[in-house]
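Enquirer: Below you will find the structure I want to go over with you.
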Amino acid sequence: MTSATLTQLVADLACGAIRIVDLTQTLSPDTPPIVLPPEAGQCWPFRLEPISRYDERGPAWYWNNFSCGEHTGTHFDAPIHWISGRDLPNNATDTIPVQHLIGPACVIDCSRQVAENPDFLLSVDFVRSWERLHGRIAPRSWLLMRSDWSKRTDPVAYQNFDEEGQHTPGPDPEVVRFLIEERDIVGFGSESIGTDAGQGAHLRPPYPCHYYMHGSGRYGLQCLTNLDLLPPVGSVIFCPPLKIRNGSGSPLRVLALVPARSDPAGAPARNP
Amino acid sequence: MTEPGRRKRKNPILRTRVPLLPPSGRSRVALGLTAAAALGRFELQVCGDCGTVQYPPREACHRCLSLALTWQPQSGAGELISETVLHHSHDVYFRDHLPWHLGMVRLDAGPTVIAHLLPASGAAPCRVRIVARLDKAGQAALVAVPDAHNISERAPDMANDTHMRELICDPRQRKVLVSDGKSPVGQALAKALVSAGAEIVWVGCAEPWKRPPGLDELNRLDSVTLVPLDVTSSDSVKSLGAELGAKVDILVNTAEVHRPYGIAARYGVEAARSEMDVNYLGLLRLAQEFGPVMRSRGADGQSSATAWVNILSVYALSNFPTHGTYSASKAAAYSLAQCLRAEMQPAGVRVMNVFPGPIDDEWNQELPPPKLTAQALARAVVKGLQEGVEDLFPGEVAQEWLARWRENPKVLERELAMSR
Ligand SMILES: [Zn+2]
């Protein structure tokens, strides 16, 4: 039975009945890092230093040393990342149950609202109206907030700072609690640089998505891309972080399996 | 057609002149003259026993054979007693710069010296002042400049003189790269270089999503162009080096990270590592990408590559414990800058190290005055280039530290350990 499922999956992948969509941004020195006030500790940007390139440093081989923070580029947030999740069991990148790292994804399209208002906050009402079209969010799903923010390829537009800080979308405090307590999602993913909004420090509590999600043992994915290629429901994502001992997160490759005939525009799904 | 005020452009079909140097061999004792000239000072040996001021430098007093000789600053005032013009030389450097004017100057302090003459120096006999400058080989050269009371009106001519231009690093009509224009120091320097007549000032700008105050205003200046440059990224430095390296005549490295901590006040290595990444490795990255091409242009006509300026800190000399990790990173940068100087020397490109005391900026908020303003630092750097200085200690704090350090580095270390 199980064997047959995998055989069918491999066959579907081979013939294109199931597509693989890469939800990962390319890591480069231009990848914008998280910005904190200068007196705070700083996350390293991504940097690449050649070890050798078929030269006197190593004649037949090319390789690099790279450096970056755990939270650089498309990355995973473990519960231990936040103060609220520090004492939970299995809260770090090396101890997270691997079953949590492959799962169904619900994609909520906020791109039109975000285009009008970069500070857009996802609300409970917005989620409920999405559910009326696509069905109730299944337990242990990943909730991915599509904003098309990743289409801002200019780092200045992607960071979107003014004198009051960053302006990027995210969830409001109430919807975060709703998604945890009433929908039992496994994690929240966003296209911008944090799971919280750019102005999330001014919400109550500050950074609600980090605070509540990690405080209840759930995960975050940020700097995702290509969410516009996913159907509202029906895809499955793979998001295992590097197995860093006691790590708070890590850059990672996020892949989605998508039924080829699914319609990204989102044909209404049956209620479960 | 050449528009007025612009230098004639280089003829691209002619081979670029290779950098040549004047003879650079000096005895150990004669290097005392060079050590003073590096600071822009003219010093001669003075005998502690009989008071004789002597030139050329020797191991012992030529009058009483005493070994008690000390180097002391000289006013340089004297009389130009004879002139001669060199029309022929077997030295490949001088052959490129003939005719060369030389003169004998009898100093009021006693000795007679041979000095380079400029058209502005005047005709013998006349009163002149001897100044010590560094030549392309980095060795002291004595120049007779007009007497103090008429020096200012002739100064522009002097700076434009082709022989004087060999001895100084005047930014006028040169192309300059300021590595970081986001700090007050970087912005003040860019503006000062524009005022000093630089033809182009490229201003490096890392993390373009952060727009600090002043950057837009700077960008509105005609000769200023903002360019992407992040000295923590080898990729970024390489890209700009490839694009602009062959155009940069003067590189001013202003990029720095400064966190005001010692060891105990900041747990962990990350703040110190970013200081090292910018202050030390940033210099190394710039030197690797811009150094070789600047070396190849050490004699590229009137607008050759001429200088590399590092904004270090007087804390590079001795650790200031409340800014301890910053001091350490600047000491590392100072050491590397000495290596860079040795490597740039064969091309005659001067490395000028600047050692300011505390600057009046956001990272020295808790330090009491006196603090050096960014503008005063920028003016001092431009003046240092115009005078061809190699080591610059701008401001009273830096001058005082330098004097204490030269007198006794160990005493200074103890004093700094107690000041908190
Ligand atoms: Zn004597």
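Every chain in the structure tokens takes a letter, A first, then B, and so on in the order presented; its residues are numbered from 1, and the ligands are numbered from 1 following the presented order.
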Just want the 6 Å neighbourhood of Pro19 in chain B, counted on only C-alpha atoms, with same-chain residues fewer than 4 positions away dropped. Output as a PyMOL selection string.

Expert: chain B and resi 298-299+347

Enquirer: Show me which residues line ligand 1, defined as having an atom within 6 Å of a ligand atom where only C-alpha atoms and all ligand atoms count, and present them as a VMD selection string.

Expert: chain B and resid 47 49 to 52 61 63 to 66

Enquirer: From the list A:Phe120, A:Pro29, A:Ile96, A:Asn91, which residue is nearest Phe66 in chain A when using only C-alpha atoms?

Expert: A:Pro29

Enquirer: List every residue of range 51-100 of chain B that DSSP, applied to the backbone, labels as strand (DSSP E or B), and write the result as a list in words.

Expert: Val53, Gln54, Leu69, Thr70, Trp71, Gln72, Pro73, Ala77, Gly78, Glu79, Leu80, Ile81, Ser82, Glu83, Thr84, Val85, Leu86 and Trp100 of chain B

Enquirer: Would you mind exporting N, CA, C and O atoms of the selected residues as a PDB file, in the first residue's frame?

Expert:
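Heads up, here's the output in result_8.pdb:
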```
ATOM      1  N   VAL B  53      73.504  72.471  14.639  1.00  0.00           N
ATOM      2  CA  VAL B  53      72.474  71.870  13.794  1.00  0.00           C
ATOM      3  C   VAL B  53      73.198  71.328  12.575  1.00  0.00           C
ATOM      4  O   VAL B  53      73.942  72.068  11.923  1.00  0.00           O
ATOM      5  N   GLN B  54      73.009  70.046  12.267  1.00  0.00           N
ATOM      6  CA  GLN B  54      73.826  69.526  11.175  1.00  0.00           C
ATOM      7  C   GLN B  54      73.025  68.879  10.046  1.00  0.00           C
ATOM      8  O   GLN B  54      71.929  68.366  10.221  1.00  0.00           O
ATOM      9  N   LEU B  69      72.845  63.196  19.611  1.00  0.00           N
ATOM     10  CA  LEU B  69      72.121  63.935  18.574  1.00  0.00           C
ATOM     11  C   LEU B  69      70.629  63.634  18.680  1.00  0.00           C
ATOM     12  O   LEU B  69      70.233  62.482  18.855  1.00  0.00           O
ATOM     13  N   THR B  70      69.818  64.678  18.570  1.00  0.00           N
ATOM     14  CA  THR B  70      68.368  64.453  18.538  1.00  0.00           C
ATOM     15  C   THR B  70      67.800  65.170  17.318  1.00  0.00           C
ATOM     16  O   THR B  70      68.335  66.191  16.872  1.00  0.00           O
ATOM     17  N   TRP B  71      66.701  64.612  16.796  1.00  0.00           N
ATOM     18  CA  TRP B  71      66.022  65.239  15.660  1.00  0.00           C
ATOM     19  C   TRP B  71      65.081  66.305  16.197  1.00  0.00           C
ATOM     20  O   TRP B  71      64.229  66.010  17.025  1.00  0.00           O
ATOM     21  N   GLN B  72      65.235  67.519  15.707  1.00  0.00           N
ATOM     22  CA  GLN B  72      64.390  68.608  16.211  1.00  0.00           C
ATOM     23  C   GLN B  72      63.789  69.406  15.052  1.00  0.00           C
ATOM     24  O   GLN B  72      64.443  69.617  14.030  1.00  0.00           O
ATOM     25  N   PRO B  73      62.545  69.838  15.232  1.00  0.00           N
ATOM     26  CA  PRO B  73      61.871  70.589  14.165  1.00  0.00           C
ATOM     27  C   PRO B  73      62.618  71.867  13.823  1.00  0.00           C
ATOM     28  O   PRO B  73      63.157  72.532  14.705  1.00  0.00           O
ATOM     29  N   ALA B  77      63.861  78.394   7.547  1.00  0.00           N
ATOM     30  CA  ALA B  77      64.153  79.719   6.982  1.00  0.00           C
ATOM     31  C   ALA B  77      65.618  79.792   6.550  1.00  0.00           C
ATOM     32  O   ALA B  77      66.502  79.287   7.240  1.00  0.00           O
ATOM     33  N   GLY B  78      65.848  80.399   5.397  1.00  0.00           N
ATOM     34  CA  GLY B  78      67.222  80.504   4.919  1.00  0.00           C
ATOM     35  C   GLY B  78      67.303  81.329   3.651  1.00  0.00           C
ATOM     36  O   GLY B  78      66.309  81.923   3.197  1.00  0.00           O
ATOM     37  N   GLU B  79      68.490  81.332   3.085  1.00  0.00           N
ATOM     38  CA  GLU B  79      68.763  82.159   1.910  1.00  0.00           C
ATOM     39  C   GLU B  79      69.137  81.248   0.740  1.00  0.00           C
ATOM     40  O   GLU B  79      70.033  80.403   0.867  1.00  0.00           O
ATOM     41  N   LEU B  80      68.464  81.461  -0.365  1.00  0.00           N
ATOM     42  CA  LEU B  80      68.848  80.749  -1.593  1.00  0.00           C
ATOM     43  C   LEU B  80      70.088  81.438  -2.139  1.00  0.00           C
ATOM     44  O   LEU B  80      70.036  82.618  -2.515  1.00  0.00           O
ATOM     45  N   ILE B  81      71.219  80.710  -2.153  1.00  0.00           N
ATOM     46  CA  ILE B  81      72.460  81.389  -2.538  1.00  0.00           C
ATOM     47  C   ILE B  81      72.896  81.062  -3.959  1.00  0.00           C
ATOM     48  O   ILE B  81      73.640  81.816  -4.574  1.00  0.00           O
ATOM     49  N   SER B  82      72.458  79.921  -4.515  1.00  0.00           N
ATOM     50  CA  SER B  82      72.816  79.661  -5.915  1.00  0.00           C
ATOM     51  C   SER B  82      71.816  78.684  -6.518  1.00  0.00           C
ATOM     52  O   SER B  82      71.136  77.956  -5.804  1.00  0.00           O
ATOM     53  N   GLU B  83      71.728  78.701  -7.830  1.00  0.00           N
ATOM     54  CA  GLU B  83      70.785  77.831  -8.539  1.00  0.00           C
ATOM     55  C   GLU B  83      71.522  77.068  -9.622  1.00  0.00           C
ATOM     56  O   GLU B  83      72.511  77.545 -10.166  1.00  0.00           O
ATOM     57  N   THR B  84      71.003  75.922  -9.983  1.00  0.00           N
ATOM     58  CA  THR B  84      71.534  75.215 -11.137  1.00  0.00           C
ATOM     59  C   THR B  84      70.385  74.443 -11.783  1.00  0.00           C
ATOM     60  O   THR B  84      69.385  74.135 -11.142  1.00  0.00           O
ATOM     61  N   VAL B  85      70.534  74.178 -13.069  1.00  0.00           N
ATOM     62  CA  VAL B  85      69.491  73.448 -13.786  1.00  0.00           C
ATOM     63  C   VAL B  85      70.090  72.158 -14.328  1.00  0.00           C
ATOM     64  O   VAL B  85      71.114  72.178 -15.007  1.00  0.00           O
ATOM     65  N   LEU B  86      69.432  71.071 -14.010  1.00  0.00           N
ATOM     66  CA  LEU B  86      69.884  69.763 -14.457  1.00  0.00           C
ATOM     67  C   LEU B  86      69.228  69.483 -15.811  1.00  0.00           C
ATOM     68  O   LEU B  86      68.006  69.410 -15.914  1.00  0.00           O
ATOM     69  N   TRP B 100      65.478  69.835 -14.372  1.00  0.00           N
ATOM     70  CA  TRP B 100      65.178  69.841 -12.943  1.00  0.00           C
ATOM     71  C   TRP B 100      65.990  70.958 -12.291  1.00  0.00           C
ATOM     72  O   TRP B 100      67.196  71.039 -12.480  1.00  0.00           O
TER      73      TRP B 100
END
```

Enquirer: Can you build me a table of chain A residues sitting at most 8 Å from chain B, with the closest atom pair per residue and its distance in Å to one decimal, using only C-alpha atoms, sorted by chain and residue number, as CSV?

Expert:
```
residue,atom,partner,partner_atom,distance
A:Pro29,CA,B:Ser233,CA,6.7
A:Glu39,CA,B:Arg259,CA,7.7
A:Gly41,CA,B:Ala271,CA,7.0
A:Gln42,CA,B:Glu270,CA,7.8
A:Arg47,CA,B:Ser233,CA,6.3
A:Leu48,CA,B:Ser234,CA,7.6
A:Glu49,CA,B:Ser234,CA,7.0
A:Pro155,CA,B:Trp209,CA,6.9
A:Val156,CA,B:Trp209,CA,4.4
A:Ala157,CA,B:Trp209,CA,7.7
A:Gln159,CA,B:Trp209,CA,6.3
A:Asn160,CA,B:Trp209,CA,7.1
A:Phe161,CA,B:Trp209,CA,6.5
```

Enquirer: Taking all heavy atoms for each residue, export the selection above as a compact mmCIF listing (two decimals), in the first residue's frame.

Expert:
```txt
# COMPACT_ATOMS: atom_id res chain seq x y z
N PRO A 29 25.22 37.57 -2.32
CA PRO A 29 25.61 38.70 -1.47
C PRO A 29 24.58 39.83 -1.50
O PRO A 29 24.58 40.67 -0.61
CB PRO A 29 26.94 39.16 -2.07
CG PRO A 29 27.48 37.96 -2.76
CD PRO A 29 26.28 37.22 -3.28
N GLU A 39 22.91 49.20 17.22
CA GLU A 39 23.54 48.81 18.48
C GLU A 39 23.16 47.38 18.87
O GLU A 39 23.78 46.79 19.76
CB GLU A 39 23.17 49.80 19.60
CG GLU A 39 21.71 49.83 20.00
CD GLU A 39 20.88 50.73 19.09
OE1 GLU A 39 21.39 51.17 18.04
OE2 GLU A 39 19.70 50.97 19.43
N GLY A 41 22.67 43.20 18.20
CA GLY A 41 23.41 42.18 17.47
C GLY A 41 22.85 42.06 16.06
O GLY A 41 21.66 42.29 15.84
N GLN A 42 23.71 41.72 15.12
CA GLN A 42 23.31 41.74 13.71
C GLN A 42 23.39 40.34 13.09
O GLN A 42 24.31 39.58 13.37
CB GLN A 42 24.22 42.68 12.92
CG GLN A 42 24.22 44.12 13.43
CD GLN A 42 22.90 44.84 13.20
OE1 GLN A 42 22.26 44.66 12.17
NE2 GLN A 42 22.49 45.63 14.18
N ARG A 47 27.49 35.68 2.41
CA ARG A 47 28.77 36.02 1.80
C ARG A 47 29.44 34.75 1.29
O ARG A 47 29.30 33.68 1.90
CB ARG A 47 29.71 36.70 2.81
CG ARG A 47 29.23 38.08 3.27
CD ARG A 47 29.34 39.10 2.14
NE ARG A 47 28.95 40.44 2.54
CZ ARG A 47 27.77 40.99 2.29
NH1 ARG A 47 26.84 40.29 1.66
NH2 ARG A 47 27.52 42.24 2.65
N LEU A 48 30.16 34.89 0.19
CA LEU A 48 30.80 33.75 -0.45
C LEU A 48 32.27 34.11 -0.69
O LEU A 48 32.56 35.14 -1.29
CB LEU A 48 30.11 33.51 -1.79
CG LEU A 48 30.22 32.17 -2.48
CD1 LEU A 48 29.58 31.08 -1.65
CD2 LEU A 48 29.54 32.25 -3.85
N GLU A 49 33.17 33.31 -0.17
CA GLU A 49 34.60 33.54 -0.41
C GLU A 49 35.17 32.30 -1.09
O GLU A 49 35.06 31.20 -0.56
CB GLU A 49 35.35 33.79 0.90
CG GLU A 49 34.88 35.01 1.68
CD GLU A 49 35.30 36.34 1.06
OE1 GLU A 49 36.12 36.33 0.13
OE2 GLU A 49 34.79 37.38 1.52
N PRO A 155 16.39 45.05 -4.07
CA PRO A 155 16.46 44.93 -2.61
C PRO A 155 15.89 46.14 -1.86
O PRO A 155 15.36 46.00 -0.76
CB PRO A 155 17.97 44.79 -2.33
CG PRO A 155 18.56 44.29 -3.59
CD PRO A 155 17.70 44.84 -4.70
N VAL A 156 15.99 47.32 -2.46
CA VAL A 156 15.45 48.52 -1.79
C VAL A 156 13.93 48.42 -1.71
O VAL A 156 13.33 48.68 -0.66
CB VAL A 156 15.88 49.80 -2.54
CG1 VAL A 156 15.25 51.03 -1.89
CG2 VAL A 156 17.41 49.93 -2.54
N ALA A 157 13.30 48.00 -2.80
CA ALA A 157 11.85 47.85 -2.80
C ALA A 157 11.43 46.67 -1.92
O ALA A 157 10.38 46.69 -1.28
CB ALA A 157 11.35 47.63 -4.24
N GLN A 159 13.01 45.59 0.83
CA GLN A 159 13.11 46.00 2.24
C GLN A 159 12.05 47.05 2.58
O GLN A 159 11.48 47.03 3.66
CB GLN A 159 14.51 46.56 2.52
CG GLN A 159 15.62 45.53 2.46
CD GLN A 159 15.79 44.79 3.79
OE1 GLN A 159 14.84 44.63 4.54
NE2 GLN A 159 17.00 44.33 4.07
N ASN A 160 11.84 47.99 1.67
CA ASN A 160 10.78 48.99 1.80
C ASN A 160 10.81 49.76 3.12
O ASN A 160 9.85 49.73 3.90
CB ASN A 160 9.41 48.33 1.60
CG ASN A 160 8.36 49.33 1.15
OD1 ASN A 160 8.67 50.25 0.40
ND2 ASN A 160 7.13 49.16 1.61
N PHE A 161 11.95 50.43 3.34
CA PHE A 161 12.10 51.25 4.55
C PHE A 161 11.71 52.69 4.30
O PHE A 161 11.91 53.22 3.21
CB PHE A 161 13.57 51.24 5.00
CG PHE A 161 13.90 50.11 5.93
CD1 PHE A 161 14.27 48.87 5.41
CD2 PHE A 161 13.81 50.28 7.29
CE1 PHE A 161 14.58 47.82 6.26
CE2 PHE A 161 14.11 49.23 8.15
CZ PHE A 161 14.50 48.00 7.64
```

Enquirer: What's the 10 Å shell around range 411-417 of chain B, counting only C-alpha atoms, without same-chain residues fewer than 5 positions away, as a PyMOL selection string?

Expert: chain B and resi 317-322+401-406

Enquirer: For Ile108 in chain A, find every residue with an atom within 9 Å (counting only C-alpha atoms), except residues of its own chain fewer than 5 positions away, and show them as a PyMOL selection string.

Expert: chain A and resi 126-127+130+143-147+232

Enquirer: As an exercise, work out the distance from CA of Val98 in chain A to CA of Lys243 in chain A in Å and give it to one decimal place.

Expert: 10.6 Å

Enquirer: How many Å separate CA of Ala206 in chain B from CA of Val293 in chain B?

Expert: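 The value is 22.7 Å.
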
Enquirer: Figure out the distance between CA of His87 in chain B and CA of Asn11 in chain B, please, to one decimal in Å.

Expert: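 Separation of CA of Asn11 in chain B and CA of His87 in chain B: 26.1 Å.
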
Enquirer: Once DSSP has gone over the backbone, tell me which residues of range 60-135 of chain A are in helix (DSSP H, G or I), as a ChimeraX atom specification.

Expert: /A:79-81,83-85,98-101,111-116,124-134

Enquirer: Mind writing the picked residues with N, CA, C and O atoms as a JSON list (two decimals), in the first residue's frame?

Expert:
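Saved the output as part_34.json:
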```json
[["chain", "number", "residue", "atom", "x", "y", "z"],
["A", 79, "PRO", "N", 10.85, 26.98, 16.98],
["A", 79, "PRO", "CA", 10.23, 27.60, 18.16],
["A", 79, "PRO", "C", 11.24, 28.25, 19.11],
["A", 79, "PRO", "O", 10.96, 29.28, 19.72],
["A", 80, "ILE", "N", 12.43, 27.69, 19.21],
["A", 80, "ILE", "CA", 13.43, 28.23, 20.14],
["A", 80, "ILE", "C", 13.89, 29.62, 19.72],
["A", 80, "ILE", "O", 14.52, 30.34, 20.50],
["A", 81, "HIS", "N", 13.56, 30.02, 18.47],
["A", 81, "HIS", "CA", 13.95, 31.35, 17.99],
["A", 81, "HIS", "C", 13.38, 32.44, 18.90],
["A", 81, "HIS", "O", 14.00, 33.48, 19.07],
["A", 83, "ILE", "N", 11.52, 33.93, 22.51],
["A", 83, "ILE", "CA", 11.51, 33.77, 23.97],
["A", 83, "ILE", "C", 10.33, 32.91, 24.42],
["A", 83, "ILE", "O", 10.44, 32.12, 25.35],
["A", 84, "SER", "N", 9.20, 33.05, 23.70],
["A", 84, "SER", "CA", 8.00, 32.31, 24.09],
["A", 84, "SER", "C", 8.14, 30.81, 23.86],
["A", 84, "SER", "O", 7.41, 30.02, 24.45],
["A", 85, "GLY", "N", 9.07, 30.41, 22.99],
["A", 85, "GLY", "CA", 9.21, 28.98, 22.69],
["A", 85, "GLY", "C", 10.46, 28.36, 23.26],
["A", 85, "GLY", "O", 10.80, 27.21, 22.97],
["A", 98, "VAL", "N", 10.59, 15.26, 12.32],
["A", 98, "VAL", "CA", 10.70, 15.43, 10.86],
["A", 98, "VAL", "C", 9.34, 15.32, 10.17],
["A", 98, "VAL", "O", 9.16, 15.83, 9.07],
["A", 99, "GLN", "N", 8.35, 14.69, 10.85],
["A", 99, "GLN", "CA", 7.02, 14.61, 10.24],
["A", 99, "GLN", "C", 6.42, 15.99, 10.01],
["A", 99, "GLN", "O", 5.55, 16.18, 9.18],
["A", 100, "HIS", "N", 6.89, 16.97, 10.79],
["A", 100, "HIS", "CA", 6.34, 18.32, 10.66],
["A", 100, "HIS", "C", 6.90, 19.04, 9.43],
["A", 100, "HIS", "O", 6.45, 20.14, 9.11],
["A", 101, "LEU", "N", 7.89, 18.45, 8.79],
["A", 101, "LEU", "CA", 8.61, 19.18, 7.75],
["A", 101, "LEU", "C", 8.12, 18.85, 6.34],
["A", 101, "LEU", "O", 8.65, 19.36, 5.36],
["A", 111, "SER", "N", -2.43, 39.32, -2.49],
["A", 111, "SER", "CA", -1.57, 40.15, -3.34],
["A", 111, "SER", "C", -2.25, 41.46, -3.75],
["A", 111, "SER", "O", -1.60, 42.50, -3.82],
["A", 112, "ARG", "N", -3.56, 41.40, -3.99],
["A", 112, "ARG", "CA", -4.25, 42.62, -4.42],
["A", 112, "ARG", "C", -4.28, 43.65, -3.27],
["A", 112, "ARG", "O", -4.01, 44.83, -3.47],
["A", 113, "GLN", "N", -4.55, 43.15, -2.06],
["A", 113, "GLN", "CA", -4.61, 44.05, -0.90],
["A", 113, "GLN", "C", -3.23, 44.64, -0.59],
["A", 113, "GLN", "O", -3.09, 45.81, -0.24],
["A", 114, "VAL", "N", -2.20, 43.81, -0.74],
["A", 114, "VAL", "CA", -0.84, 44.26, -0.43],
["A", 114, "VAL", "C", -0.36, 45.28, -1.46],
["A", 114, "VAL", "O", 0.36, 46.23, -1.13],
["A", 115, "ALA", "N", -0.79, 45.09, -2.71],
["A", 115, "ALA", "CA", -0.41, 46.05, -3.74],
["A", 115, "ALA", "C", -0.93, 47.45, -3.39],
["A", 115, "ALA", "O", -0.30, 48.46, -3.69],
["A", 116, "GLU", "N", -2.10, 47.46, -2.73],
["A", 116, "GLU", "CA", -2.67, 48.76, -2.34],
["A", 116, "GLU", "C", -2.09, 49.28, -1.03],
["A", 116, "GLU", "O", -2.02, 50.48, -0.79],
["A", 124, "VAL", "N", -8.80, 37.62, 10.70],
["A", 124, "VAL", "CA", -9.65, 36.43, 10.81],
["A", 124, "VAL", "C", -10.73, 36.47, 9.73],
["A", 124, "VAL", "O", -11.02, 35.47, 9.07],
["A", 125, "ASP", "N", -11.32, 37.65, 9.52],
["A", 125, "ASP", "CA", -12.38, 37.76, 8.50],
["A", 125, "ASP", "C", -11.85, 37.36, 7.13],
["A", 125, "ASP", "O", -12.53, 36.71, 6.34],
["A", 126, "PHE", "N", -10.63, 37.79, 6.84],
["A", 126, "PHE", "CA", -10.05, 37.49, 5.53],
["A", 126, "PHE", "C", -9.89, 35.98, 5.38],
["A", 126, "PHE", "O", -10.21, 35.40, 4.33],
["A", 127, "VAL", "N", -9.44, 35.32, 6.45],
["A", 127, "VAL", "CA", -9.25, 33.87, 6.40],
["A", 127, "VAL", "C", -10.60, 33.16, 6.26],
["A", 127, "VAL", "O", -10.76, 32.21, 5.49],
["A", 128, "ARG", "N", -11.59, 33.66, 7.00],
["A", 128, "ARG", "CA", -12.91, 33.02, 6.92],
["A", 128, "ARG", "C", -13.49, 33.16, 5.52],
["A", 128, "ARG", "O", -14.12, 32.22, 5.00],
["A", 129, "SER", "N", -13.30, 34.30, 4.88],
["A", 129, "SER", "CA", -13.86, 34.40, 3.52],
["A", 129, "SER", "C", -13.08, 33.53, 2.53],
["A", 129, "SER", "O", -13.66, 33.00, 1.58],
["A", 130, "TRP", "N", -11.78, 33.35, 2.78],
["A", 130, "TRP", "CA", -11.01, 32.41, 1.95],
["A", 130, "TRP", "C", -11.57, 30.99, 2.15],
["A", 130, "TRP", "O", -11.74, 30.23, 1.18],
["A", 131, "GLU", "N", -11.89, 30.65, 3.40],
["A", 131, "GLU", "CA", -12.40, 29.29, 3.68],
["A", 131, "GLU", "C", -13.75, 29.05, 3.01],
["A", 131, "GLU", "O", -14.08, 27.93, 2.63],
["A", 132, "ARG", "N", -14.55, 30.11, 2.86],
["A", 132, "ARG", "CA", -15.84, 29.94, 2.19],
["A", 132, "ARG", "C", -15.64, 29.51, 0.74],
["A", 132, "ARG", "O", -16.44, 28.78, 0.18],
["A", 133, "LEU", "N", -14.52, 29.92, 0.14],
["A", 133, "LEU", "CA", -14.24, 29.53, -1.24],
["A", 133, "LEU", "C", -13.51, 28.19, -1.34],
["A", 133, "LEU", "O", -13.73, 27.40, -2.26],
["A", 134, "HIS", "N", -12.60, 27.94, -0.39],
["A", 134, "HIS", "CA", -11.66, 26.82, -0.57],
["A", 134, "HIS", "C", -11.77, 25.75, 0.50],
["A", 134, "HIS", "O", -11.03, 24.77, 0.46]]
```

Enquirer: Name the residues in contact with range 252-257 of chain A at a cut-off of 9 Å, using only C-alpha atoms, excluding same-chain residues fewer than 4 positions from it; report them as a ChimeraX atom specification.

Expert: /A:13,18-25,73-76,105,221,224,230,234-242

Enquirer: Those same residues, written as a short mmCIF file (atom, residue, chain, number, x, y, z; two decimals), in the first residue's frame with N, CA and C atoms?

Expert:
```
data_model
loop_
_atom_site.label_atom_id
_atom_site.label_comp_id
_atom_site.auth_asym_id
_atom_site.auth_seq_id
_atom_site.Cartn_x
_atom_site.Cartn_y
_atom_site.Cartn_z
N LEU A 13 5.51 12.19 -10.83
CA LEU A 13 6.56 13.20 -10.99
C LEU A 13 7.24 13.05 -12.35
N ILE A 18 2.47 15.47 -11.46
CA ILE A 18 2.76 16.30 -10.28
C ILE A 18 3.99 17.13 -10.61
N ARG A 19 3.85 18.45 -10.45
CA ARG A 19 4.95 19.37 -10.72
C ARG A 19 5.68 19.68 -9.41
N ILE A 20 6.97 20.02 -9.55
CA ILE A 20 7.72 20.50 -8.38
C ILE A 20 7.95 21.99 -8.56
N VAL A 21 7.50 22.77 -7.59
CA VAL A 21 7.70 24.22 -7.64
C VAL A 21 8.71 24.61 -6.56
N ASP A 22 9.71 25.36 -6.98
CA ASP A 22 10.74 25.82 -6.04
C ASP A 22 10.27 27.12 -5.37
N LEU A 23 10.13 27.08 -4.07
CA LEU A 23 9.65 28.27 -3.35
C LEU A 23 10.80 29.07 -2.73
N THR A 24 12.02 28.85 -3.25
CA THR A 24 13.22 29.39 -2.60
C THR A 24 13.82 30.55 -3.38
N GLN A 25 14.22 31.60 -2.66
CA GLN A 25 14.99 32.68 -3.29
C GLN A 25 16.45 32.24 -3.44
N GLY A 73 18.05 34.94 3.92
CA GLY A 73 17.42 34.40 2.71
C GLY A 73 16.17 33.61 3.07
N THR A 74 15.75 32.72 2.16
CA THR A 74 14.60 31.86 2.46
C THR A 74 15.00 30.97 3.63
N HIS A 75 14.29 31.11 4.76
CA HIS A 75 14.75 30.41 5.96
C HIS A 75 13.60 29.94 6.83
N PHE A 76 13.97 29.06 7.73
CA PHE A 76 13.05 28.37 8.64
C PHE A 76 13.23 28.94 10.03
N ALA A 105 -0.24 22.50 2.17
CA ALA A 105 -0.17 23.96 2.26
C ALA A 105 -1.48 24.59 1.82
N LEU A 221 8.27 30.22 8.04
CA LEU A 221 9.05 30.22 6.80
C LEU A 221 8.97 31.64 6.24
N LEU A 224 9.80 33.39 1.10
CA LEU A 224 9.37 32.42 0.10
C LEU A 224 9.11 33.13 -1.22
N LEU A 230 1.23 28.23 -6.78
CA LEU A 230 0.59 27.17 -6.00
C LEU A 230 -0.92 27.35 -6.02
N GLY A 234 -4.15 21.89 -1.89
CA GLY A 234 -3.80 20.72 -2.70
C GLY A 234 -2.32 20.51 -2.90
N SER A 235 -1.49 21.47 -2.53
CA SER A 235 -0.06 21.25 -2.67
C SER A 235 0.53 20.74 -1.35
N VAL A 236 1.73 20.18 -1.47
CA VAL A 236 2.45 19.67 -0.30
C VAL A 236 3.84 20.30 -0.32
N ILE A 237 4.28 20.81 0.83
CA ILE A 237 5.62 21.42 0.84
C ILE A 237 6.61 20.59 1.67
N PHE A 238 7.86 20.68 1.26
CA PHE A 238 9.00 20.04 1.93
C PHE A 238 9.90 21.17 2.44
N CYS A 239 10.14 21.21 3.75
CA CYS A 239 10.90 22.35 4.28
C CYS A 239 11.82 21.96 5.44
N PRO A 240 12.69 20.97 5.25
CA PRO A 240 13.58 20.61 6.35
C PRO A 240 14.76 21.58 6.49
N PRO A 241 14.92 22.20 7.68
CA PRO A 241 16.07 23.06 7.89
C PRO A 241 17.34 22.23 8.08
N LEU A 242 18.49 22.87 8.02
CA LEU A 242 19.75 22.19 8.33
C LEU A 242 19.69 21.69 9.77
#
```
